[in-house]
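Student: Sharing coords_8.tsv, TSV, C-alpha atoms:
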```tsv
chain	number	residue	atom	x	y	z
J	1	MET	CA	0.00	0.00	0.00
J	2	GLY	CA	1.43	3.32	-1.08
J	3	ILE	CA	0.19	6.81	-1.93
J	4	SER	CA	-2.55	5.98	-4.43
J	5	THR	CA	-5.44	6.76	-2.05
J	6	ALA	CA	-3.59	9.25	0.19
J	7	ASP	CA	-3.80	6.74	3.04
J	8	ASP	CA	-2.32	7.39	6.47
J	9	ALA	CA	0.73	5.11	6.23
J	10	GLY	CA	2.58	2.83	3.84
J	11	VAL	CA	2.40	-0.95	4.17
J	12	PHE	CA	5.09	-3.36	2.96
J	13	LEU	CA	4.54	-7.12	2.83
J	14	LEU	CA	7.37	-9.07	4.48
J	15	GLN	CA	5.90	-12.55	4.29
J	16	ASP	CA	2.53	-14.24	4.31
J	17	GLY	CA	0.67	-13.03	7.37
J	18	LEU	CA	3.13	-10.23	8.28
J	19	ALA	CA	3.62	-6.73	6.93
J	20	LEU	CA	5.32	-3.54	8.06
J	21	VAL	CA	3.39	-0.30	8.41
J	22	GLN	CA	5.52	2.86	8.24
J	23	THR	CA	4.98	6.59	8.65
J	24	VAL	CA	6.75	9.80	9.65
J	25	ASP	CA	5.54	13.17	10.93
J	26	LEU	CA	6.85	16.40	12.49
J	27	LEU	CA	5.21	19.23	14.45
J	28	THR	CA	6.24	22.67	15.59
J	29	PRO	CA	5.31	23.58	19.20
J	30	MET	CA	1.75	24.68	19.94
J	31	VAL	CA	2.33	24.84	23.71
J	32	GLU	CA	5.12	26.43	25.74
J	33	ASP	CA	5.84	23.43	27.97
J	34	PRO	CA	8.44	21.28	26.14
J	35	TYR	CA	7.47	18.02	27.87
J	36	THR	CA	3.81	18.45	26.88
J	37	PHE	CA	4.85	19.28	23.33
J	38	GLY	CA	6.99	16.14	23.19
J	39	ARG	CA	4.04	13.99	24.23
J	40	ILE	CA	1.72	15.64	21.69
J	41	ALA	CA	4.18	15.31	18.80
J	42	ALA	CA	4.85	11.65	19.58
J	43	ALA	CA	1.14	10.81	19.81
J	44	ASN	CA	0.58	12.63	16.52
J	45	SER	CA	3.29	10.59	14.78
J	46	LEU	CA	2.05	7.26	16.17
J	47	SER	CA	-1.53	8.00	15.14
J	48	ASP	CA	-1.11	6.99	11.49
J	49	VAL	CA	-0.14	3.46	12.46
J	50	TYR	CA	-3.22	3.17	14.68
J	51	ALA	CA	-5.45	4.50	11.90
J	52	MET	CA	-4.30	1.61	9.67
J	53	GLY	CA	-4.98	-0.96	12.40
J	54	GLY	CA	-1.29	-1.57	13.10
J	55	THR	CA	0.84	-1.87	16.22
J	56	PRO	CA	3.92	0.38	16.56
J	57	LEU	CA	7.19	-1.45	17.22
J	58	THR	CA	10.13	0.92	16.85
J	59	VAL	CA	10.50	4.66	16.36
J	60	LEU	CA	13.26	7.08	15.41
J	61	ASN	CA	13.28	10.58	16.89
J	62	ILE	CA	13.52	13.42	14.37
J	63	VAL	CA	14.44	16.77	15.94
J	64	GLY	CA	15.06	20.22	14.51
J	65	PHE	CA	16.52	22.39	17.27
J	66	PRO	CA	18.22	25.81	17.44
J	67	GLY	CA	21.89	25.24	18.25
J	68	LEU	CA	22.09	28.05	20.81
J	69	MET	CA	18.93	27.14	22.74
J	70	ASP	CA	19.14	25.61	26.22
J	71	LYS	CA	19.56	21.83	25.80
J	72	LYS	CA	17.32	21.30	28.84
J	73	VAL	CA	14.41	22.21	26.54
J	74	LEU	CA	15.49	19.48	24.12
J	75	ALA	CA	15.82	16.99	26.98
J	76	GLU	CA	12.25	17.70	28.09
J	77	ILE	CA	10.87	17.32	24.57
J	78	LEU	CA	12.60	13.96	24.22
J	79	ARG	CA	11.41	12.90	27.68
J	80	GLY	CA	7.83	13.62	26.66
J	81	GLY	CA	8.27	11.65	23.47
J	82	GLN	CA	9.85	8.76	25.38
J	83	ASP	CA	6.93	8.56	27.83
J	84	THR	CA	4.39	8.45	25.01
J	85	VAL	CA	6.35	5.86	23.04
J	86	THR	CA	6.59	3.75	26.20
J	87	GLU	CA	2.83	4.08	26.69
J	88	ALA	CA	2.38	2.81	23.13
J	89	GLY	CA	4.52	-0.26	23.89
J	90	ALA	CA	7.13	0.68	21.29
J	91	VAL	CA	10.89	1.24	21.50
J	92	ILE	CA	13.02	4.24	20.53
J	93	ALA	CA	15.80	2.82	18.34
J	94	GLY	CA	17.65	6.07	17.63
J	95	GLY	CA	17.06	9.22	15.67
J	96	HIS	CA	18.53	12.30	14.08
J	97	THR	CA	18.93	15.91	15.21
J	98	PHE	CA	19.58	18.88	12.92
J	99	ASN	CA	20.17	22.58	13.51
J	100	GLU	CA	17.00	24.57	12.78
J	101	LYS	CA	15.72	28.09	13.41
J	102	GLU	CA	12.58	26.83	15.13
J	103	ILE	CA	11.89	23.67	17.09
J	104	LYS	CA	10.49	20.69	15.20
J	105	PHE	CA	9.91	17.23	16.64
J	106	GLY	CA	8.35	14.02	15.49
J	107	LEU	CA	8.88	10.33	14.91
J	108	SER	CA	9.53	7.93	12.11
J	109	VAL	CA	7.43	4.92	13.12
J	110	THR	CA	7.63	1.28	12.07
J	111	GLY	CA	4.91	-1.12	13.11
J	112	ARG	CA	3.54	-4.52	12.32
J	113	ILE	CA	0.20	-5.23	10.72
J	114	ASP	CA	-1.75	-8.25	9.55
J	115	PRO	CA	-1.89	-7.89	5.74
J	116	HIS	CA	-5.36	-9.44	5.78
J	117	ARG	CA	-6.67	-6.81	8.25
J	118	ILE	CA	-5.31	-3.53	6.91
J	119	VAL	CA	-7.71	-0.69	7.63
J	120	THR	CA	-7.64	1.76	4.73
J	121	ASN	CA	-9.31	5.11	4.20
J	122	ALA	CA	-10.92	3.78	1.02
J	123	ALA	CA	-13.39	1.06	2.09
J	124	ALA	CA	-16.49	2.85	3.42
J	125	LYS	CA	-19.78	1.35	2.22
J	126	VAL	CA	-23.22	2.87	1.74
J	127	GLY	CA	-25.10	2.50	5.02
J	128	ASP	CA	-22.00	2.60	7.22
J	129	VAL	CA	-21.90	4.83	10.30
J	130	LEU	CA	-19.10	7.34	10.94
J	131	ILE	CA	-17.71	7.84	14.46
J	132	LEU	CA	-15.22	10.44	15.67
J	133	THR	CA	-13.03	9.61	18.68
J	134	LYS	CA	-11.69	13.07	19.65
J	135	PRO	CA	-13.22	16.55	19.60
J	136	LEU	CA	-12.23	19.10	16.98
J	137	GLY	CA	-10.72	22.49	17.72
J	138	CYS	CA	-6.97	21.94	18.14
J	139	GLY	CA	-6.28	24.33	15.28
J	140	VAL	CA	-8.22	27.12	16.97
J	141	PHE	CA	-6.38	26.33	20.21
J	142	ALA	CA	-3.00	26.55	18.48
J	143	GLN	CA	-3.94	29.89	16.91
J	144	ALA	CA	-5.05	31.20	20.29
J	145	MET	CA	-1.75	30.14	21.86
J	146	MET	CA	0.12	32.16	19.24
J	147	THR	CA	-2.05	35.27	19.24
J	148	GLN	CA	-3.43	35.69	22.75
J	149	ASP	CA	-1.68	36.60	25.98
J	150	GLU	CA	-3.62	33.95	27.90
J	151	VAL	CA	-5.72	30.98	26.84
J	152	ASP	CA	-8.72	29.89	28.87
J	153	PRO	CA	-7.51	27.21	31.35
J	154	GLU	CA	-10.44	24.90	30.57
J	155	LEU	CA	-9.59	24.96	26.87
J	156	TYR	CA	-5.87	24.49	27.55
J	157	GLN	CA	-6.44	21.43	29.73
J	158	ALA	CA	-8.96	19.87	27.35
J	159	ALA	CA	-6.85	20.50	24.25
J	160	THR	CA	-3.56	19.22	25.65
J	161	ARG	CA	-5.24	16.17	27.20
J	162	SER	CA	-6.86	15.34	23.86
J	163	MET	CA	-3.67	15.82	21.82
J	164	MET	CA	-1.56	13.75	24.22
J	165	GLN	CA	-4.04	10.86	24.14
J	166	LEU	CA	-2.96	7.93	22.00
J	167	ASN	CA	-5.37	6.53	19.42
J	168	ARG	CA	-4.37	3.05	20.57
J	169	ALA	CA	-7.62	2.23	22.39
J	170	ALA	CA	-9.72	3.53	19.50
J	171	SER	CA	-7.73	1.38	17.07
J	172	GLU	CA	-8.12	-1.73	19.21
J	173	ALA	CA	-11.85	-1.11	19.57
J	174	MET	CA	-12.42	-0.64	15.86
J	175	LEU	CA	-10.52	-3.83	15.00
J	176	ALA	CA	-12.76	-5.73	17.41
J	177	CYS	CA	-15.89	-4.31	15.75
J	178	ASP	CA	-15.48	-5.26	12.09
J	179	VAL	CA	-14.26	-1.82	11.04
J	180	HIS	CA	-14.67	-1.09	7.33
J	181	SER	CA	-12.52	2.01	7.00
J	182	ALA	CA	-10.72	4.65	9.09
J	183	THR	CA	-8.46	7.67	8.96
J	184	ASP	CA	-7.00	10.01	11.56
J	185	ILE	CA	-7.93	13.69	11.59
J	186	THR	CA	-4.67	15.61	11.35
J	187	GLY	CA	-3.08	18.00	8.87
J	188	TYR	CA	-5.82	18.05	6.24
J	189	GLY	CA	-8.53	18.73	8.81
J	190	PHE	CA	-11.84	17.00	9.29
J	191	ILE	CA	-13.30	17.83	5.88
J	192	GLY	CA	-10.03	17.20	4.05
J	193	HIS	CA	-9.57	13.71	5.46
J	194	ALA	CA	-13.26	12.93	5.04
J	195	GLN	CA	-13.11	13.95	1.38
J	196	GLU	CA	-10.16	11.61	0.81
J	197	MET	CA	-12.19	8.82	2.40
J	198	ALA	CA	-15.25	9.60	0.29
J	199	GLN	CA	-13.19	9.70	-2.90
J	200	GLY	CA	-11.22	6.54	-2.15
J	201	SER	CA	-14.37	4.66	-1.17
J	202	GLY	CA	-16.50	5.91	-4.06
J	203	VAL	CA	-19.29	7.12	-1.77
J	204	ARG	CA	-20.83	10.35	-0.49
J	205	LEU	CA	-20.38	11.13	3.21
J	206	ARG	CA	-23.07	13.00	5.14
J	207	PHE	CA	-22.23	14.69	8.45
J	208	SER	CA	-24.44	16.37	11.02
J	209	ALA	CA	-22.67	19.53	12.21
J	210	SER	CA	-24.55	19.53	15.51
J	211	ALA	CA	-23.25	16.02	16.30
J	212	ILE	CA	-19.56	16.85	15.83
J	213	PRO	CA	-17.84	17.21	19.24
J	214	LEU	CA	-15.79	20.34	19.90
J	215	LEU	CA	-13.27	21.39	22.52
J	216	PRO	CA	-14.69	23.85	25.06
J	217	LYS	CA	-14.69	27.55	24.09
J	218	VAL	CA	-13.35	27.00	20.55
J	219	LEU	CA	-16.58	27.93	18.77
J	220	SER	CA	-16.48	31.51	20.01
J	221	LEU	CA	-12.71	31.72	19.43
J	222	ALA	CA	-13.14	30.51	15.86
J	223	GLU	CA	-15.13	33.65	15.01
J	224	THR	CA	-11.82	35.48	14.64
J	225	MET	CA	-9.59	32.57	13.62
J	226	ILE	CA	-8.80	30.54	10.51
J	227	ASP	CA	-11.01	31.33	7.49
J	228	ALA	CA	-11.27	28.47	5.05
J	229	GLY	CA	-13.00	30.62	2.43
J	230	VAL	CA	-15.55	27.93	1.57
J	231	ALA	CA	-19.29	28.53	1.85
J	232	MET	CA	-21.50	26.03	3.68
J	233	ASN	CA	-25.22	26.62	3.67
J	234	GLU	CA	-26.75	26.79	7.17
J	235	ILE	CA	-23.38	26.23	8.88
J	236	SER	CA	-21.95	29.12	10.90
J	237	PRO	CA	-18.62	30.58	9.69
J	238	ALA	CA	-17.05	29.69	13.03
J	239	LEU	CA	-17.98	26.01	12.76
J	240	LYS	CA	-16.99	25.99	9.10
J	241	ASN	CA	-13.52	27.14	10.13
J	242	ILE	CA	-13.21	24.33	12.66
J	243	LEU	CA	-14.30	21.69	10.15
J	244	TRP	CA	-11.60	22.81	7.71
J	245	GLU	CA	-8.73	23.65	10.05
J	246	SER	CA	-5.64	21.50	10.44
J	247	GLN	CA	-5.64	19.35	13.59
J	248	SER	CA	-2.67	18.16	15.63
J	249	SER	CA	-2.93	14.63	17.05
J	250	GLY	CA	-6.64	14.42	16.29
J	251	GLY	CA	-8.89	11.42	16.71
J	252	LEU	CA	-9.85	8.62	14.38
J	253	LEU	CA	-12.77	8.86	11.98
J	254	VAL	CA	-14.00	5.28	12.16
J	255	VAL	CA	-16.41	3.70	9.66
J	256	LEU	CA	-18.46	0.80	11.02
J	257	PRO	CA	-21.42	-1.30	9.96
J	258	GLU	CA	-24.47	-0.05	11.83
J	259	ASN	CA	-24.87	-3.26	13.83
J	260	ARG	CA	-21.42	-2.82	15.46
J	261	VAL	CA	-21.75	0.82	16.56
J	262	ALA	CA	-23.19	0.08	20.01
J	263	GLU	CA	-20.39	-2.37	20.77
J	264	PHE	CA	-17.75	0.13	19.67
J	265	GLN	CA	-19.28	2.78	21.91
J	266	ARG	CA	-19.26	0.37	24.87
J	267	ARG	CA	-15.62	-0.44	24.29
J	268	ALA	CA	-14.79	3.23	23.93
J	269	GLN	CA	-16.56	4.07	27.17
J	270	ASP	CA	-14.67	1.34	29.00
J	271	ALA	CA	-11.40	2.75	27.62
J	272	GLY	CA	-12.29	6.33	28.53
J	273	ILE	CA	-12.38	7.64	24.96
J	274	LEU	CA	-14.95	9.51	22.90
J	275	ALA	CA	-17.17	7.74	20.35
J	276	ALA	CA	-19.47	10.34	18.77
J	277	VAL	CA	-21.69	9.29	15.85
J	278	VAL	CA	-21.18	12.15	13.39
J	279	GLY	CA	-22.51	10.89	10.08
J	280	SER	CA	-23.01	8.10	7.56
J	281	ALA	CA	-21.99	6.91	4.13
J	282	ILE	CA	-24.76	7.41	1.59
J	283	ALA	CA	-25.41	6.88	-2.10
J	284	GLY	CA	-24.53	9.91	-4.19
J	285	ALA	CA	-21.78	11.50	-6.20
J	286	PRO	CA	-18.58	9.62	-5.27
J	287	GLY	CA	-15.98	11.64	-3.41
J	288	THR	CA	-18.39	14.30	-2.13
J	289	ILE	CA	-19.24	15.60	1.33
J	290	GLU	CA	-22.58	16.82	2.67
J	291	VAL	CA	-22.75	18.74	5.97
J	292	THR	CA	-26.17	19.42	7.45
J	293	ALA	CA	-26.99	21.65	10.41
```
For the file at hand, write its structure as structure tokens.
Tutor:
Amino acid sequence: MGISTADDAGVFLLQDGLALVQTVDLLTPMVEDPYTFGRIAAANSLSDVYAMGGTPLTVLNIVGFPGLMDKKVLAEILRGGQDTVTEAGAVIAGGHTFNEKEIKFGLSVTGRIDPHRIVTNAAAKVGDVLILTKPLGCGVFAQAMMTQDEVDPELYQAATRSMMQLNRAASEAMLACDVHSATDITGYGFIGHAQEMAQGSGVRLRFSASAIPLLPKVLSLAETMIDAGVAMNEISPALKNILWESQSSGGLLVVLPENRVAEFQRRAQDAGILAAVVGSAIAGAPGTIEVTA
């Protein structure tokens, strides 16, 4: 599996019954605390493996760091990444550091996956139900961190907790519930990743805007934040911005047969993760998105 459907990671067959799943990602800081940033960036990098239904095995640190900056900051970033990788059950096998004007950190991740159970972003079927496992709004939060003197403490706690959370439990739950398709909501935003799924699957996806979970306070903040420049009938400009904005370490958009949704939600509740039903796959023009109020 390569780049043909813009899937979340590449998959390479080693032998019958065993394949490698591989991905790489980098982030710039969206929070001032280096340890928290390290945890967020690591969770973000690992997410692509979970979206494919894989299990991370080894990672390589990739760090861009200003040469004159205090190395204690670098140590804290790496400590945050180490703790998240340990939580994932993977091992740091090395890495590479380069001199950079601004901090960048991420992981190159190698995992294992059953070649007969690869979860792609291109297998949704008409009648399937779409579930989102983290709230949206990390883009608005990141903008607020850059442009405001102080961010609401409730938003800060909710956003950092969400971004640091691994998608491991969501991945395990979807594999147990006959998942048809999945993707993680990251750089291309909710609508961008959903459109890739709709196009790859040859279906139309319908979402209910009122059902999409949001971080606290982001709707009002979005009034003055990112403008996607795309009209949506009956959808407020603020919510439109959130649906289009880039996310850092977002949740999984999971596509399930209707008869497995309740079980997935039970498993999610037991694991302490979100499982919001946000839409469905319907007949219509392939590769299109419909958002209703």
Student: Go through J:Glu258, J:Asp25, J:Glu100, J:Glu223 one by one, measure the shortest atom-to-atom distance of each to Val140 of chain J using only C-alpha atoms, and give the residue with the smallest value.
Tutor: J:Glu223
Student: When you draw a straight line from atom CA of Glu102 of chain J to atom CA of Asp33 of chain J, how long is it in Å?
Tutor: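 Separation of atom CA of Glu102 of chain J and atom CA of Asp33 of chain J: 14.9 Å.
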Student: Would you mind listing what lies within 6 Å of segment 77-93 of chain J as number ranges by chain, with all atoms listed in the file counted and same-chain residues fewer than 5 positions away left out?
Tutor: J: 34-35, 38-39, 42, 56-60
Student: Tell me, as a PyMOL selection string, which residues lie within 7 Å of Asn61 of chain J, counting all atoms listed in the file; anything in the same chain fewer than 6 positions away does not count.
Tutor: chain J and resi 94-96+106-108
Student: One number please: atom CA of Gly200 of chain J to atom CA of Val49 of chain J, in Å, one decimal.
Tutor: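 Straight-line distance from atom CA of Gly200 of chain J to atom CA of Val49 of chain J works out to 18.6 Å.
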Student: Of the candidates J:Val255, J:Ala41, J:Ile103, J:Ala238, which one gets nearest to Met174 of chain J if we count only C-alpha atoms?
Tutor: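 When distances to Met174 of chain J are compared using only C-alpha atoms, the smallest one comes from J:Val255.
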Student: Could you please determine the separation between atom CA of Ile118 of chain J and atom CA of Ala209 of chain J in Å, to one decimal place?
Tutor: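 These two atoms are separated by 29.3 Å.
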Student: Counting all atoms listed in the file, which of J:Cys138, J:Ile131, J:Ile212, J:Val203 gets nearest to Leu256 of chain J?
Tutor: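 Using all atoms listed in the file, Leu256 of chain J sits closest to J:Ile131.
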